[in-house]
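All remarks here apply to the structure that follows.
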Amino acid sequence: MPELPEVETIRRQLQRLIVGKKIREVKVSLPKMVKLPLNDFRKIIIGGTIKRVGRRAKILIIELSSTRALVKGGDKALSSSTGWSLLIHLKLSGRLIFRKKGEKLGPEDIKWNHLIYYFSDDSRLFHNDLRQFGYVKLVKSGELLDFFKKEKLGPEPLEKKFTLAEFSAILKKKPKAKIKQFLLDQQNLTGIGNIYSDEILFFSGVHPLKRVHELKPSEIKKVFEGIRKILPEAIRFGGSSVRDFLDALGREGGYVPNLKVYGREGEKCSRCKAIIKRIKIGSRSAHFCPKCQK
Ligand SMILES: [Zn+2]
């Protein structure tokens, strides 16, 4: 599943590629991915112009300017803040791939394409999803805060206001949780999945099965530092393509060679040469070095 670095990579690319473009048409071939009646969906987004591409947790937020649907309502006083936002969750295997006018399509633009957005300059955005768990929703931009509040999402780990003190306070609420599972739970903090939780714990020298209440203050600090080091590093490399991930230009992310434990079961630890192990924790698995992580 794309995690924070992968979704943020796509966000930054889309911010550069599609802001200012007007949606001329949308083709939906898998209606179940759109979480509202298709007629309403089309009415709201066709004619809309992309204002901004944001992100909350692993959800992309494509903010649209007021569209025909609002103009038809006749309320001239409606400001752009009453426009709609298109929320896109890529879930396990979703991709958003942008192609300019006349640009040749790769195989990834043709297979499993469930939604295609056509812009007025004839560029296109393809939403494809092999496993079909992803979704598209529309929320009024002015109601986004309420929407995310209802989703009960934890804080954004890369925001300045997310501090070591706040991280410690959140840990205190779940003393019995295993740290690996704690990091995966989006209600604690957002954006971290299987890949980066393994890497963060390797960086901090903390065993994935360790319970939160067993962590020393120095270990909590190290985990916090790991979050703040590894996520931005992975963004700089355009994320990790471990299974299906491709960025908005259809390219693979470059972070995989930097992964120290994830996907390296049976290989030698880069730090101490012990053999990397993989264990099951609930329905997930954790990769770790039994010597470096205590
Ligand atoms: Zn090691």
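Quick note on naming: the chains in the structure tokens go A, B, ... in the order shown, residues restart at 1 in each chain, and ligands are numbered from 1 in order of appearance.
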Would you list the residues that come within 6 Å of ligand 1? Count only C-alpha atoms and all ligand atoms and give the answer as a list in words.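 Counting only C-alpha atoms and all ligand atoms, the residues within 6 Å of ligand 1 come out as Cys269, Arg271, Cys272, Lys273, Ala274, Cys289, Lys291 and Cys292 of chain A.
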For the residues in the current selection, export all heavy atoms as a CSV table (one decimal), in the first residue's frame.
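Saved to part.csv:
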chain,number,residue,atom,x,y,z
A,269,CYS,N,22.3,-8.1,8.0
A,269,CYS,CA,22.0,-6.7,8.5
A,269,CYS,C,23.2,-5.8,8.0
A,269,CYS,O,24.4,-6.2,8.2
A,269,CYS,CB,21.9,-6.7,10.0
A,269,CYS,SG,22.0,-5.1,10.8
A,271,ARG,N,24.3,-3.3,9.4
A,271,ARG,CA,25.0,-2.7,10.5
A,271,ARG,C,25.9,-3.8,11.2
A,271,ARG,O,27.0,-3.5,11.6
A,271,ARG,CB,24.0,-2.1,11.5
A,271,ARG,CG,24.5,-0.9,12.2
A,271,ARG,CD,23.4,-0.4,13.2
A,271,ARG,NE,22.4,0.5,12.6
A,271,ARG,CZ,21.2,0.7,13.2
A,271,ARG,NH1,20.8,0.1,14.2
A,271,ARG,NH2,20.4,1.6,12.6
A,272,CYS,N,25.3,-5.0,11.4
A,272,CYS,CA,26.0,-6.0,12.3
A,272,CYS,C,26.2,-7.3,11.6
A,272,CYS,O,26.7,-8.2,12.3
A,272,CYS,CB,25.3,-6.1,13.6
A,272,CYS,SG,23.8,-7.1,13.4
A,273,LYS,N,25.7,-7.5,10.4
A,273,LYS,CA,25.8,-8.8,9.7
A,273,LYS,C,25.0,-9.9,10.2
A,273,LYS,O,25.1,-11.0,9.7
A,273,LYS,CB,27.3,-9.2,9.5
A,273,LYS,CG,28.3,-8.2,9.0
A,273,LYS,CD,28.0,-7.9,7.6
A,273,LYS,CE,28.9,-6.7,7.1
A,273,LYS,NZ,28.3,-5.8,6.2
A,274,ALA,N,24.2,-9.7,11.2
A,274,ALA,CA,23.2,-10.8,11.6
A,274,ALA,C,22.2,-10.9,10.5
A,274,ALA,O,22.1,-10.1,9.6
A,274,ALA,CB,22.6,-10.4,13.0
A,289,CYS,N,16.2,-6.7,12.7
A,289,CYS,CA,17.5,-7.3,13.0
A,289,CYS,C,17.5,-7.8,14.4
A,289,CYS,O,17.4,-6.9,15.3
A,289,CYS,CB,18.7,-6.4,12.7
A,289,CYS,SG,20.2,-7.1,13.4
A,291,LYS,N,19.7,-8.6,16.4
A,291,LYS,CA,20.8,-8.2,17.2
A,291,LYS,C,20.8,-6.7,17.4
A,291,LYS,O,21.1,-6.2,18.5
A,291,LYS,CB,22.2,-8.5,16.5
A,291,LYS,CG,23.0,-9.5,17.2
A,291,LYS,CD,24.3,-9.9,16.5
A,291,LYS,CE,25.5,-9.5,17.2
A,291,LYS,NZ,26.7,-10.0,16.4
A,292,CYS,N,20.4,-5.9,16.4
A,292,CYS,CA,20.4,-4.4,16.5
A,292,CYS,C,19.2,-3.9,17.3
A,292,CYS,O,19.1,-2.8,17.8
A,292,CYS,CB,20.5,-3.8,15.2
A,292,CYS,SG,22.0,-4.0,14.3
Near region 6-13 of chain A, counting only C-alpha atoms, which residues have an atom at most 6 Å away, once you skip same-chain residues fewer than 5 positions from it, shown as a short mmCIF file (atom, residue, chain, number, x, y, z; two decimals) with N, CA and C atoms, in the first residue's frame?
data_model
loop_
_atom_site.label_atom_id
_atom_site.label_comp_id
_atom_site.auth_asym_id
_atom_site.auth_seq_id
_atom_site.Cartn_x
_atom_site.Cartn_y
_atom_site.Cartn_z
N GLY A 238 11.36 9.73 -3.99
CA GLY A 238 10.14 9.43 -4.74
C GLY A 238 9.43 8.18 -4.26
N GLY A 239 9.67 7.78 -2.99
CA GLY A 239 8.95 6.64 -2.42
C GLY A 239 9.58 5.30 -2.80
N ASP A 247 4.74 6.48 -9.64
CA ASP A 247 4.40 7.88 -9.35
C ASP A 247 3.48 8.44 -10.43
N ALA A 248 3.21 9.75 -10.36
CA ALA A 248 2.23 10.34 -11.27
C ALA A 248 2.75 10.42 -12.70
#
A:Ala57, A:Ile88, A:Ile50, A:Leu96: which is nearest Leu246 (chain A), counting only C-alpha atoms?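 Under the stated criterion, the closest residue is A:Leu96.
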Mind listing the strand (DSSP E or B) residues of region 20-244 of chain A, per DSSP on the backbone, as a PyMOL selection string? chain A and resi 22-28+34+49-56+59-64+84-89+94-99+113-119+124-129+135-140+178+211+240
Skip Gly282 (chain A) itself and residues of its chain fewer than 3 positions away, then list as number ranges by chain all residues within 12 Å of it, counting only C-alpha atoms. A: 177-178, 180-181, 184, 209, 279, 285-286
Output N, CA and C atoms for every residue in the selection just made, as a PDB file, in the first residue's frame.
ATOM      1  N   ALA A 177       0.113  -1.620  23.738  1.00  0.00           N
ATOM      2  CA  ALA A 177       0.275  -1.917  22.307  1.00  0.00           C
ATOM      3  C   ALA A 177       1.717  -2.283  21.991  1.00  0.00           C
ATOM      4  N   LYS A 178       1.876  -3.190  21.026  1.00  0.00           N
ATOM      5  CA  LYS A 178       3.213  -3.449  20.510  1.00  0.00           C
ATOM      6  C   LYS A 178       3.575  -2.267  19.609  1.00  0.00           C
ATOM      7  N   LYS A 180       5.215  -1.803  16.910  1.00  0.00           N
ATOM      8  CA  LYS A 180       4.970  -1.927  15.458  1.00  0.00           C
ATOM      9  C   LYS A 180       3.495  -1.659  15.139  1.00  0.00           C
ATOM     10  N   GLN A 181       2.610  -2.292  15.906  1.00  0.00           N
ATOM     11  CA  GLN A 181       1.178  -2.104  15.662  1.00  0.00           C
ATOM     12  C   GLN A 181       0.744  -0.675  15.981  1.00  0.00           C
ATOM     13  N   LEU A 184       1.397   1.497  13.064  1.00  0.00           N
ATOM     14  CA  LEU A 184       0.533   1.241  11.908  1.00  0.00           C
ATOM     15  C   LEU A 184      -0.868   1.830  12.077  1.00  0.00           C
ATOM     16  N   LEU A 209       8.184  -6.039  18.594  1.00  0.00           N
ATOM     17  CA  LEU A 209       7.205  -6.580  19.546  1.00  0.00           C
ATOM     18  C   LEU A 209       7.228  -5.859  20.887  1.00  0.00           C
ATOM     19  N   ILE A 279       8.745 -11.701  11.183  1.00  0.00           N
ATOM     20  CA  ILE A 279       7.768 -12.362  12.052  1.00  0.00           C
ATOM     21  C   ILE A 279       6.375 -11.830  11.751  1.00  0.00           C
ATOM     22  N   SER A 285       3.312  -8.316   8.899  1.00  0.00           N
ATOM     23  CA  SER A 285       4.593  -8.903   9.267  1.00  0.00           C
ATOM     24  C   SER A 285       5.584  -7.790   9.568  1.00  0.00           C
ATOM     25  N   ALA A 286       6.591  -8.141  10.353  1.00  0.00           N
ATOM     26  CA  ALA A 286       7.629  -7.163  10.689  1.00  0.00           C
ATOM     27  C   ALA A 286       8.978  -7.749  10.304  1.00  0.00           C
TER      28      ALA A 286
END
Between CA of Pro5 (chain A) and CA of Gly191 (chain A) lies a distance of 8.0 Å
